[in-house]
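Chemist: Contents of start06.cif (mmCIF, C-alpha atoms and all ligand atoms):
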data_work
#
loop_
_atom_site.label_atom_id
_atom_site.label_comp_id
_atom_site.auth_asym_id
_atom_site.auth_seq_id
_atom_site.Cartn_x
_atom_site.Cartn_y
_atom_site.Cartn_z
CA MET A 286 -14.85 -20.91 -54.41
CA GLU A 287 -17.13 -17.91 -54.96
CA ILE A 288 -15.68 -14.45 -55.24
CA ILE A 289 -18.09 -11.63 -54.63
CA PHE A 290 -16.77 -8.26 -55.64
CA THR A 291 -19.80 -6.39 -54.24
CA SER A 292 -23.49 -6.93 -54.50
CA SER A 293 -26.51 -4.77 -55.10
CA ASP A 294 -30.21 -5.26 -55.77
CA VAL A 295 -30.08 -5.16 -59.55
CA TYR A 296 -31.08 -7.73 -62.13
CA LEU A 297 -28.10 -9.97 -62.81
CA MET A 298 -27.62 -11.79 -66.11
CA ASP A 299 -25.78 -15.11 -66.13
CA CYS A 300 -22.83 -15.68 -68.42
CA PHE A 301 -19.97 -18.14 -68.57
CA ALA A 302 -16.34 -18.29 -69.64
CA GLN A 303 -14.21 -21.36 -70.26
CA VAL A 304 -10.54 -20.79 -69.55
CA SER A 305 -7.45 -22.66 -70.68
CA GLY A 306 -6.51 -25.47 -68.30
CA GLU A 307 -2.74 -25.00 -68.68
CA ASN A 308 -2.41 -22.76 -65.64
CA LEU A 309 -5.74 -22.47 -63.89
CA ASP A 310 -4.49 -20.05 -61.21
CA LEU A 311 -3.27 -17.66 -63.88
CA ALA A 312 -6.47 -17.97 -65.93
CA LYS A 313 -8.62 -17.34 -62.85
CA ALA A 314 -6.50 -14.35 -61.86
CA GLU A 315 -6.88 -12.91 -65.36
CA ILE A 316 -10.70 -13.11 -65.30
CA GLU A 317 -10.83 -11.68 -61.79
CA ALA A 318 -8.55 -8.78 -62.80
CA LEU A 319 -10.67 -8.09 -65.90
CA ALA A 320 -13.85 -8.18 -63.79
CA ARG A 321 -12.51 -5.09 -62.02
CA LEU A 322 -12.36 -3.27 -65.37
CA CYS A 323 -16.01 -3.99 -66.13
CA PRO A 324 -18.49 -1.15 -65.57
CA THR A 325 -20.56 -3.11 -63.04
CA ASP A 326 -19.93 -5.52 -60.18
CA MET A 327 -19.53 -9.19 -60.99
CA VAL A 328 -20.08 -12.37 -58.98
CA ILE A 329 -17.77 -15.17 -60.15
CA SER A 330 -18.28 -18.86 -59.27
CA TRP A 331 -15.75 -21.42 -60.49
CA PHE A 332 -16.43 -24.99 -61.61
CA GLY A 333 -12.98 -26.21 -62.69
CA ARG A 334 -12.20 -24.34 -65.91
CA ILE A 335 -15.67 -22.81 -66.10
CA ALA A 336 -16.47 -19.44 -64.59
CA LYS A 337 -20.11 -18.58 -64.06
CA LEU A 338 -20.37 -14.80 -64.21
CA GLN A 339 -23.33 -12.91 -62.78
CA THR A 340 -23.46 -9.25 -63.66
CA PRO A 341 -25.97 -6.60 -64.79
CA VAL A 342 -24.02 -5.97 -68.02
CA SER A 343 -22.72 -8.83 -70.18
CA PRO A 344 -18.90 -9.08 -70.10
CA VAL A 345 -18.90 -11.67 -72.92
CA GLU A 346 -17.76 -9.51 -75.86
CA PHE A 347 -15.14 -7.82 -73.66
CA LEU A 348 -13.69 -11.17 -72.53
CA LEU A 349 -13.65 -12.64 -76.05
CA ASP A 350 -11.59 -9.66 -77.25
CA ARG A 351 -9.49 -9.03 -74.18
CA ALA A 352 -8.67 -12.16 -72.15
CA ALA A 353 -5.72 -14.25 -73.34
CA LEU A 354 -6.71 -17.36 -71.40
CA VAL A 355 -10.46 -17.38 -72.13
CA GLN A 356 -11.11 -19.99 -74.82
CA ARG A 357 -14.83 -19.35 -75.19
CA ALA A 358 -17.58 -17.42 -73.46
CA GLY A 359 -21.28 -16.74 -73.77
CA VAL A 360 -24.62 -16.37 -72.09
CA LEU A 361 -26.25 -18.94 -69.88
CA LEU A 362 -29.63 -19.87 -71.37
CA GLY A 363 -30.64 -22.06 -68.46
CA GLU A 364 -29.45 -24.11 -65.56
CA VAL A 365 -30.92 -27.49 -64.62
CA ILE A 366 -30.09 -30.11 -62.04
CA HIS A 367 -28.78 -33.47 -63.24
CA ASP A 368 -31.95 -35.49 -63.46
CA GLU A 369 -34.07 -32.72 -64.94
CA SER A 370 -34.81 -32.70 -68.65
CA ILE A 371 -33.18 -29.78 -70.49
CA THR A 372 -35.90 -29.74 -73.11
CA GLU A 373 -38.62 -29.49 -70.48
CA MET A 374 -36.87 -26.96 -68.24
CA ILE A 375 -35.81 -24.44 -70.91
CA SER A 376 -38.71 -22.71 -72.57
CA ASP A 377 -39.28 -22.77 -76.32
CA ASP A 378 -39.14 -18.96 -76.35
CA ILE A 379 -35.52 -19.06 -75.19
CA TRP A 380 -34.58 -21.24 -78.16
CA ARG A 381 -36.55 -19.04 -80.57
CA ALA A 382 -34.77 -15.93 -79.24
CA ASN A 383 -31.32 -17.48 -79.49
CA VAL A 384 -31.35 -19.72 -82.56
CA LEU A 385 -32.73 -18.02 -85.65
CA PRO A 386 -34.36 -20.15 -88.38
CA ALA A 387 -31.61 -19.23 -90.86
CA ASP A 388 -28.81 -20.06 -88.40
CA LYS A 389 -26.94 -23.31 -88.58
CA PHE A 390 -26.29 -24.57 -85.08
CA SER A 391 -24.50 -27.27 -83.11
CA VAL A 392 -25.04 -28.78 -79.68
CA ARG A 393 -21.92 -29.91 -77.85
CA THR A 394 -21.43 -31.15 -74.31
CA MET A 395 -18.48 -30.91 -71.95
CA CYS A 396 -18.06 -32.49 -68.58
CA ILE A 397 -16.18 -30.92 -65.68
CA GLY A 398 -15.02 -33.65 -63.31
CA ARG A 399 -16.45 -37.14 -63.32
CA GLY A 400 -20.02 -37.35 -64.42
CA TYR A 401 -21.63 -38.33 -67.67
CA ASP A 402 -20.13 -41.00 -69.95
CA SER A 403 -19.85 -40.43 -73.70
CA ARG A 404 -23.07 -42.35 -74.42
CA LYS A 405 -25.10 -40.11 -72.13
CA ARG A 406 -23.47 -37.00 -73.58
CA THR A 407 -24.17 -38.07 -77.17
CA GLU A 408 -27.78 -38.65 -76.17
CA ILE A 409 -28.07 -35.09 -74.80
CA GLU A 410 -26.50 -33.65 -77.97
CA LYS A 411 -28.87 -35.60 -80.25
CA ASP A 412 -32.05 -34.99 -78.23
CA LEU A 413 -31.42 -31.30 -77.67
CA GLY A 414 -30.32 -30.80 -81.31
CA ALA A 415 -33.58 -32.39 -82.55
CA HIS A 416 -35.63 -30.33 -80.05
CA ILE A 417 -34.08 -27.00 -81.12
CA GLN A 418 -34.43 -27.89 -84.80
CA ASN A 419 -38.07 -28.74 -84.24
CA ILE A 420 -38.82 -25.45 -82.46
CA THR A 421 -36.77 -23.02 -84.53
CA GLY A 422 -36.52 -24.66 -87.94
CA ALA A 423 -32.75 -24.08 -87.90
CA GLU A 424 -30.42 -26.70 -89.34
CA VAL A 425 -27.81 -28.67 -87.40
CA GLU A 426 -24.25 -28.05 -88.63
CA LEU A 427 -21.42 -29.55 -86.61
CA ARG A 428 -18.36 -28.31 -88.53
CA ALA A 429 -18.91 -24.56 -88.89
CA PRO A 430 -22.06 -23.66 -86.95
CA LYS A 431 -23.13 -20.03 -86.68
CA THR A 432 -24.65 -20.68 -83.27
CA GLN A 433 -22.98 -22.98 -80.77
CA ILE A 434 -25.02 -24.41 -77.91
CA LEU A 435 -22.74 -25.76 -75.21
CA VAL A 436 -24.07 -27.98 -72.45
CA ILE A 437 -21.64 -27.92 -69.55
CA ILE A 438 -22.05 -30.69 -67.02
CA VAL A 439 -20.61 -29.65 -63.66
CA PRO A 440 -21.10 -31.40 -60.32
CA LYS A 441 -24.77 -31.17 -59.26
CA ARG A 442 -25.95 -29.10 -62.24
CA ILE A 443 -25.95 -28.54 -65.98
CA LEU A 444 -25.32 -25.15 -67.54
CA VAL A 445 -26.90 -24.69 -70.96
CA CYS A 446 -25.07 -21.93 -72.80
CA LYS A 447 -24.84 -20.08 -76.09
CA SER A 448 -21.12 -19.98 -76.75
CA SER A 449 -18.64 -18.06 -78.92
CA GLU A 450 -14.95 -18.72 -79.49
CA SER A 451 -12.29 -16.27 -78.32
CA ARG A 452 -11.42 -13.72 -80.98
CA LEU A 453 -8.16 -12.76 -79.26
CA ARG A 454 -6.44 -16.15 -79.04
CA ARG A 455 -6.26 -16.47 -82.83
CA LEU A 456 -4.71 -13.01 -83.04
CA LEU A 457 -2.21 -13.73 -80.27
CA ARG A 458 -0.86 -16.66 -82.31
CA THR A 459 -0.18 -14.28 -85.21
CA ARG A 460 1.64 -11.92 -82.83
CA GLU A 461 4.17 -14.37 -81.35
CA PRO A 462 7.74 -12.94 -81.18
CA GLY A 463 8.89 -14.99 -84.21
CA LYS A 464 6.13 -13.44 -86.34
CA LYS A 465 6.92 -9.83 -85.47
CA PRO A 466 9.01 -7.60 -87.79
CA PHE A 467 11.86 -7.76 -85.24
CA PHE A 468 12.62 -10.90 -83.23
CA HIS A 469 14.92 -11.61 -80.29
CA PRO A 470 14.87 -14.74 -78.11
CA THR A 471 14.46 -12.71 -74.90
CA MET A 472 11.12 -11.29 -76.06
CA MET A 473 8.06 -12.20 -74.05
CA ASN A 474 5.42 -14.29 -75.81
CA SER A 475 2.20 -12.54 -76.69
CA THR A 476 -0.09 -14.62 -74.43
CA LEU A 477 1.89 -14.05 -71.25
CA ALA A 478 2.43 -10.40 -72.16
CA ARG A 479 -1.34 -9.93 -72.58
CA VAL A 480 -2.10 -11.75 -69.31
CA MET A 481 0.37 -9.51 -67.45
CA CYS A 482 -1.18 -6.35 -68.90
CA ASN A 483 -4.59 -7.65 -67.82
CA LEU A 484 -3.38 -8.47 -64.32
CA ALA A 485 -2.06 -4.91 -64.04
CA GLY A 486 -5.49 -3.60 -65.06
CA VAL A 487 -4.33 -1.75 -68.20
CA ARG A 488 -7.10 0.32 -69.82
CA PRO A 489 -7.13 1.95 -73.26
CA GLY A 490 -5.55 5.41 -73.07
CA ASN A 491 -3.52 4.59 -69.92
CA THR A 492 0.26 4.87 -69.95
CA VAL A 493 2.22 1.65 -69.50
CA LEU A 494 5.94 1.50 -68.76
CA ASP A 495 8.24 -1.48 -69.31
CA PRO A 496 11.67 -0.41 -67.99
CA PHE A 497 13.25 -3.64 -69.37
CA CYS A 498 11.39 -3.49 -72.67
CA GLY A 499 13.85 -5.38 -74.91
CA GLY A 500 12.23 -6.01 -78.31
CA GLY A 501 8.85 -4.94 -76.92
CA GLY A 502 6.80 -8.10 -76.31
CA ILE A 503 4.89 -6.55 -73.39
CA LEU A 504 4.71 -3.10 -74.98
CA CYS A 505 3.16 -4.54 -78.14
CA GLU A 506 0.30 -6.20 -76.21
CA ALA A 507 -0.27 -3.07 -74.10
CA SER A 508 -0.39 -1.15 -77.34
CA HIS A 509 -2.94 -3.56 -78.83
CA ILE A 510 -5.13 -2.86 -75.78
CA GLY A 511 -4.94 0.82 -76.72
CA ALA A 512 -2.48 2.00 -74.07
CA VAL A 513 0.14 4.67 -74.61
CA VAL A 514 3.40 2.77 -74.10
CA VAL A 515 6.80 3.84 -72.83
CA GLY A 516 9.75 1.48 -73.00
CA SER A 517 13.33 1.74 -71.87
CA ASP A 518 16.25 -0.66 -72.02
CA LEU A 519 20.05 -0.54 -71.92
CA ASN A 520 20.43 -2.26 -75.27
CA TRP A 521 19.93 0.14 -78.19
CA ARG A 522 19.71 -2.67 -80.76
CA LEU A 523 16.74 -4.15 -78.91
CA LEU A 524 15.22 -0.68 -78.59
CA ALA A 525 15.45 -0.22 -82.36
CA GLY A 526 13.68 -3.59 -82.67
CA ALA A 527 10.96 -2.54 -80.22
CA LYS A 528 10.43 0.59 -82.30
CA ARG A 529 10.01 -1.51 -85.45
CA ASN A 530 7.51 -3.79 -83.72
CA LEU A 531 5.53 -0.92 -82.21
CA SER A 532 5.44 1.22 -85.30
CA GLU A 533 3.27 -1.34 -87.08
CA ILE A 534 0.69 -1.19 -84.26
CA SER A 535 0.41 2.32 -82.88
CA ALA A 536 1.79 5.83 -83.07
CA GLN A 537 1.47 6.26 -79.32
CA TYR A 538 4.76 4.95 -78.07
CA SER A 539 8.14 6.19 -76.96
CA VAL A 540 11.30 4.20 -76.33
CA LEU A 541 14.49 5.45 -74.76
CA GLN A 542 17.86 4.08 -73.81
CA ALA A 543 18.06 4.13 -70.02
CA ASP A 544 19.23 2.09 -67.07
CA ALA A 545 16.20 0.84 -65.12
CA ARG A 546 17.91 1.96 -61.90
CA TYR A 547 17.96 5.60 -63.01
CA LEU A 548 14.80 6.12 -65.02
CA PRO A 549 14.34 9.60 -66.51
CA ILE A 550 10.53 9.19 -66.43
CA GLN A 551 7.88 11.12 -64.50
CA THR A 552 4.65 9.19 -63.85
CA VAL A 553 2.76 6.38 -65.57
CA ASN A 554 -0.46 4.46 -64.87
CA HIS A 555 1.03 0.95 -64.92
CA ILE A 556 4.37 -0.82 -64.87
CA VAL A 557 4.42 -4.23 -66.55
CA THR A 558 7.83 -5.79 -66.90
CA ASP A 559 10.18 -8.76 -66.81
CA PRO A 560 13.71 -7.98 -65.73
CA PRO A 561 16.64 -9.97 -67.13
CA TYR A 562 17.01 -13.52 -65.86
CA GLY A 563 18.42 -16.73 -67.24
CA ARG A 564 21.32 -16.95 -69.65
CA SER A 565 19.96 -15.31 -72.75
CA SER A 566 19.25 -11.80 -71.50
CA SER A 567 22.19 -9.72 -70.43
CA THR A 568 22.21 -7.92 -67.11
CA ARG A 569 25.46 -6.19 -68.00
CA GLY A 570 27.00 -7.51 -64.78
CA THR A 571 24.33 -6.35 -62.38
CA GLU A 572 22.35 -9.02 -60.61
CA SER A 573 18.66 -9.12 -61.45
CA LYS A 574 17.71 -8.91 -57.79
CA LYS A 575 19.60 -5.67 -57.30
CA LEU A 576 18.09 -4.27 -60.47
CA ILE A 577 14.55 -4.99 -59.28
CA ASP A 578 15.35 -3.62 -55.88
CA SER A 579 16.49 -0.29 -57.36
CA LEU A 580 13.45 -0.20 -59.63
CA LEU A 581 11.07 -0.84 -56.72
CA ARG A 582 12.61 2.03 -54.77
CA ARG A 583 11.80 4.30 -57.71
CA VAL A 584 8.22 3.02 -58.20
CA PRO A 585 6.50 5.22 -55.55
CA SER A 586 7.41 8.31 -57.58
CA LEU A 587 6.18 6.69 -60.83
CA LEU A 588 2.83 5.06 -59.94
CA GLN A 589 -0.37 6.21 -58.26
CA PRO A 590 -1.20 4.40 -54.99
CA GLY A 591 -4.34 2.30 -54.56
CA GLU A 592 -4.79 0.23 -57.69
CA GLU A 593 -3.02 -3.06 -58.44
CA ASN A 594 -1.01 -1.45 -61.24
CA LEU A 595 2.38 -3.14 -61.03
CA CYS A 596 2.98 -6.57 -62.59
CA VAL A 597 6.43 -8.16 -62.64
CA CYS A 598 7.53 -11.53 -63.94
CA GLY A 599 10.79 -13.04 -62.71
CA SER A 600 12.52 -16.31 -61.96
CA THR A 601 11.40 -18.06 -58.79
CA GLU A 602 14.92 -17.67 -57.30
CA MET A 603 14.61 -13.89 -57.29
CA GLY A 604 12.23 -13.82 -54.33
CA LEU A 605 9.94 -11.26 -55.97
CA PRO A 606 7.16 -11.49 -53.33
CA GLU A 607 9.60 -10.78 -50.48
CA MET A 608 11.11 -7.86 -52.40
CA ILE A 609 7.64 -6.42 -53.02
CA LEU A 610 6.72 -6.69 -49.34
CA ASP A 611 10.10 -5.34 -48.16
CA GLY A 612 9.59 -2.39 -50.49
CA GLY A 613 6.40 -1.48 -48.58
CA PHE A 614 3.99 -2.54 -51.36
CA THR A 615 0.82 -4.57 -50.97
CA LEU A 616 1.30 -7.93 -52.68
CA GLY A 617 -1.61 -8.94 -54.92
CA ARG A 618 -1.13 -12.09 -57.00
CA ASP A 619 1.79 -14.50 -56.74
CA ILE A 620 1.50 -17.16 -59.45
CA ARG A 621 4.06 -19.65 -60.75
CA VAL A 622 4.12 -20.35 -64.47
CA SER A 623 6.08 -23.18 -66.16
CA VAL A 624 7.61 -21.86 -69.32
CA HIS A 625 9.81 -24.39 -71.15
CA ARG A 626 12.66 -26.79 -70.43
CA GLY A 627 11.85 -26.81 -66.71
CA LEU A 628 12.03 -23.01 -66.42
CA VAL A 629 9.49 -21.73 -63.89
CA ARG A 630 8.60 -18.07 -63.68
CA GLU A 631 6.77 -16.22 -60.98
CA ILE A 632 4.30 -13.44 -61.75
CA VAL A 633 3.47 -11.00 -59.01
CA THR A 634 1.17 -8.01 -58.90
CA ALA A 635 1.32 -5.24 -56.36
CA ASN A 636 0.11 -1.80 -55.46
CA LEU A 637 1.40 1.02 -53.36
C1 LIG A 701 13.75 -10.51 -70.40
S1 LIG A 701 14.29 -9.19 -71.36
C2 LIG A 701 12.87 -8.21 -71.51
C3 LIG A 701 11.81 -8.66 -72.46
C4 LIG A 701 10.74 -7.61 -72.68
N1 LIG A 701 10.19 -7.11 -71.44
C5 LIG A 701 9.62 -8.07 -73.59
O1 LIG A 701 8.45 -7.80 -73.23
O2 LIG A 701 9.83 -8.65 -74.65
C6 LIG A 701 15.26 -8.23 -70.24
C7 LIG A 701 15.83 -6.95 -70.81
O3 LIG A 701 16.47 -6.23 -69.76
C8 LIG A 701 17.49 -5.42 -70.36
N2 LIG A 701 18.37 -4.92 -69.29
C9 LIG A 701 19.36 -5.57 -68.62
N3 LIG A 701 19.87 -4.76 -67.66
C10 LIG A 701 19.20 -3.58 -67.73
C11 LIG A 701 19.24 -2.35 -66.99
N4 LIG A 701 20.10 -2.17 -65.99
N5 LIG A 701 18.38 -1.37 -67.34
C12 LIG A 701 17.52 -1.52 -68.36
N6 LIG A 701 17.44 -2.65 -69.10
C13 LIG A 701 18.26 -3.68 -68.78
C14 LIG A 701 18.11 -6.37 -71.39
O4 LIG A 701 18.76 -5.63 -72.39
C15 LIG A 701 16.89 -7.12 -71.90
O5 LIG A 701 16.38 -6.52 -73.06
#
The structure in this file should be written as structure tokens.
Modeler:
Amino acid sequence: MEIIFTSSDVYLMDCFAQVSGENLDLAKAEIEALARLCPTDMVISWFGRIAKLQTPVSPVEFLLDRAALVQRAGVLLGEVIHDESITEMISDDIWRANVLPADKFSVRTMCIGRGYDSRKRTEIEKDLGAHIQNITGAEVELRAPKTQILVIIVPKRILVCKSSESRLRRLLRTREPGKKPFFHPTMMNSTLARVMCNLAGVRPGNTVLDPFCGGGGILCEASHIGAVVVGSDLNWRLLAGAKRNLSEISAQYSVLQADARYLPIQTVNHIVTDPPYGRSSSTRGTESKKLIDSLLRRVPSLLQPGEENLCVCGSTEMGLPEMILDGGFTLGRDIRVSVHRGLVREIVTANL
């Protein structure tokens, strides 16, 4: 499927991103949401877990730092059809510009769908490695290369890319709830929290509200993006924990004890939240569905209309999409995510 955000007669550069295969719908939605935050239009074509991105300004550095489900990204050096020779089709100047003599480099292949067997792939790696070495004088280094050349074999064509690993995914692992100063089992994990902030289009400097903030899993990721965060919850112990977690990231936060049905808050740019569900997070006797319903009735006075700036995660039994539509919102994404022990969550985005 090809998603065209808009098009214009400008020079487009080709880039790629490889996303995690765990939940492809979620990973695709994250890239597409982030494309809207980029300064220029972007054309996205998907080949399984590979997104080919065509845009006047490279989104590569942004995606490596910002997208939770992007594993690696880079620029496309050339594109050939299956029977063409990579070494003949990609000019020597491209290799000289992208692999410096002092750089150690690797050539790896990956295959999307059925295609090349391992013998054919090893052949490509060896031949292209020798060719680049010959042209640039750089040394091959497979374990810790400075420059990674990735040859992606997709149906009908081969994308030859210069690739870099995500910088964010390593950081997200260090920010899991169990590694924060305060931990509670109801806290949202850092990867999902980051994806939700991205789906809601959070930008640095924007205000983000989580009216069920608990220990602050979502607020912490919004804060890492550079947002000003506001959290409220009924449970003051969790609020004290959220404060501990946030104080080690940013000074721009406020947390208050409040019932999500009666929020003493004026306006914010985004709401990103997960109301209580399941056994471990207390609803203090009020059903989650009713809670969300009351919150949704309050949203029009909190959020600006137009942008997809509301992202809610709930259990599939809640009927979040129906509630969003009944509330008069426009439903954006509706994605199911398996969590653990058979628990399935549903993430929806919406705008007024
Ligand atoms: C799933 S946890 C939230 C996790 C949190 N969003 C995070 O990012 O880590 C749900 C939270 O809702 C809170 N809660 C339950 N009923 C509430 C209500 N009526 N108003 C506000 N908070 C409530 C619970 O105390 C609990 O902290």
Chemist: What's the 12 Å shell around Trp331 in chain A, counting only C-alpha atoms, without same-chain residues fewer than 2 positions away, as a VMD selection string?
Modeler: chain A and resid 286 to 289 301 to 304 309 to 310 312 to 314 316 to 317 328 to 329 333 to 339 397 439 to 440
Chemist: If you count only C-alpha atoms, which residues fall within 8 Å of Pro344 in chain A, apart from same-chain ones fewer than 3 positions away, as a tab-separated table (two decimals) with C-alpha atoms, keeping the file's coordinate frame?
Modeler:
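Full text of out28.tsv as output:
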chain	number	residue	atom	x	y	z
A	300	CYS	CA	-22.83	-15.68	-68.42
A	323	CYS	CA	-16.01	-3.99	-66.13
A	340	THR	CA	-23.46	-9.25	-63.66
A	347	PHE	CA	-15.14	-7.82	-73.66
A	348	LEU	CA	-13.69	-11.17	-72.53
Chemist: What does the distance between CA of Asp350 in chain A and CA of Asn594 in chain A come to in Å, to one decimal place?
Modeler: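 Distance reported for this atom pair: 20.9 Å.
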Chemist: What lies within 7 Å of Ala635 in chain A using all atoms listed in the file, ignoring chain neighbours under 4 positions off, as a list of chain:residue names?
Modeler: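 Residues near the query, excluding close chain neighbours: A:Glu593, A:Asn594, A:Leu595, A:Cys596, A:Phe614, A:Thr615, A:Leu616, A:Gly617.
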Chemist: Could you work out how far CA of Leu541 in chain A lies from CA of Asn554 in chain A, giving the answer in Å with one decimal?
Modeler: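 So the answer is 18.0 Å.
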Chemist: Residues of chain A that approach ligand LIG 701 (chain A) to 8 Å or less, counting all atoms listed in the file: could you list each one with the shortest pair of atoms and its distance in Å to one decimal, rows by chain and increasing residue number, as CSV?
Modeler:
residue,atom,partner,partner_atom,distance
A:Thr471,CA,A:LIG701,S1,5.0
A:Met472,CA,A:LIG701,O2,3.3
A:Met473,CA,A:LIG701,O2,4.0
A:Asn474,CA,A:LIG701,O2,7.3
A:Ala478,CA,A:LIG701,O1,6.6
A:Asp495,CA,A:LIG701,N1,6.3
A:Pro496,CA,A:LIG701,C12,6.0
A:Phe497,CA,A:LIG701,O3,4.2
A:Cys498,CA,A:LIG701,N1,4.0
A:Gly499,CA,A:LIG701,O5,3.3
A:Gly500,CA,A:LIG701,O2,5.1
A:Gly501,CA,A:LIG701,O2,4.5
A:Gly502,CA,A:LIG701,O2,3.5
A:Ile503,CA,A:LIG701,O1,3.8
A:Leu504,CA,A:LIG701,O1,6.3
A:Cys505,CA,A:LIG701,O1,7.9
A:Ser517,CA,A:LIG701,C12,6.4
A:Asp518,CA,A:LIG701,N6,3.7
A:Leu519,CA,A:LIG701,N6,4.4
A:Asn520,CA,A:LIG701,O4,4.7
A:Leu523,CA,A:LIG701,O5,6.3
A:Gln542,CA,A:LIG701,C12,7.8
A:Ala543,CA,A:LIG701,C12,5.9
A:Asp544,CA,A:LIG701,N5,3.6
A:Ala545,CA,A:LIG701,N5,3.8
A:Arg546,CA,A:LIG701,N4,6.2
A:Thr558,CA,A:LIG701,N1,5.3
A:Asp559,CA,A:LIG701,N1,4.9
A:Pro560,CA,A:LIG701,C6,4.8
A:Pro561,CA,A:LIG701,C6,3.8
A:Tyr562,CA,A:LIG701,C1,6.3
A:Ser566,CA,A:LIG701,C15,5.3
A:Ser567,CA,A:LIG701,C9,5.3
A:Thr568,CA,A:LIG701,N3,4.0
A:Arg569,CA,A:LIG701,N3,5.8
A:Thr571,CA,A:LIG701,N4,7.0
A:Ser573,CA,A:LIG701,N3,7.7
A:Leu576,CA,A:LIG701,N4,6.2
Chemist: Pick from A:Arg399, A:Arg442, A:Arg618, A:Lys528: nearest to Gly363 in chain A, with all atoms listed in the file counted?
Modeler: A:Arg442
Chemist: When you get a chance, write out N, CA and C atoms for range 357-372 of chain A, as a compact mmCIF listing (two decimals), in the frame of the given file.
Modeler:
# COMPACT_ATOMS: atom_id res chain seq x y z
N ARG A 357 -13.51 -19.69 -74.68
CA ARG A 357 -14.83 -19.35 -75.19
C ARG A 357 -15.67 -18.76 -74.06
N ALA A 358 -16.71 -18.04 -74.46
CA ALA A 358 -17.58 -17.42 -73.46
C ALA A 358 -18.95 -17.22 -74.08
N GLY A 359 -19.93 -16.97 -73.24
CA GLY A 359 -21.28 -16.74 -73.77
C GLY A 359 -22.29 -16.54 -72.67
N VAL A 360 -23.57 -16.56 -73.09
CA VAL A 360 -24.62 -16.37 -72.09
C VAL A 360 -25.18 -17.71 -71.66
N LEU A 361 -25.65 -17.73 -70.43
CA LEU A 361 -26.25 -18.94 -69.88
C LEU A 361 -27.73 -18.89 -70.22
N LEU A 362 -28.22 -19.88 -70.97
CA LEU A 362 -29.63 -19.87 -71.37
C LEU A 362 -30.50 -20.51 -70.29
N GLY A 363 -29.88 -21.41 -69.53
CA GLY A 363 -30.64 -22.06 -68.46
C GLY A 363 -29.73 -22.95 -67.64
N GLU A 364 -30.23 -23.28 -66.46
CA GLU A 364 -29.45 -24.11 -65.56
C GLU A 364 -30.38 -25.16 -65.00
N VAL A 365 -30.02 -26.43 -65.13
CA VAL A 365 -30.92 -27.49 -64.62
C VAL A 365 -30.12 -28.40 -63.71
N ILE A 366 -30.82 -29.14 -62.85
CA ILE A 366 -30.09 -30.11 -62.04
C ILE A 366 -30.02 -31.44 -62.81
N HIS A 367 -29.13 -32.33 -62.40
CA HIS A 367 -28.78 -33.47 -63.24
C HIS A 367 -29.93 -34.31 -63.77
N ASP A 368 -30.92 -34.59 -62.95
CA ASP A 368 -31.95 -35.49 -63.46
C ASP A 368 -33.09 -34.77 -64.19
N GLU A 369 -33.01 -33.46 -64.23
CA GLU A 369 -34.07 -32.72 -64.94
C GLU A 369 -33.83 -32.79 -66.45
N SER A 370 -34.94 -32.66 -67.20
CA SER A 370 -34.81 -32.70 -68.65
C SER A 370 -34.56 -31.27 -69.17
N ILE A 371 -33.51 -31.12 -69.96
CA ILE A 371 -33.18 -29.78 -70.49
C ILE A 371 -34.33 -29.29 -71.36
N THR A 372 -34.86 -30.17 -72.17
CA THR A 372 -35.90 -29.74 -73.11
C THR A 372 -37.18 -29.29 -72.38
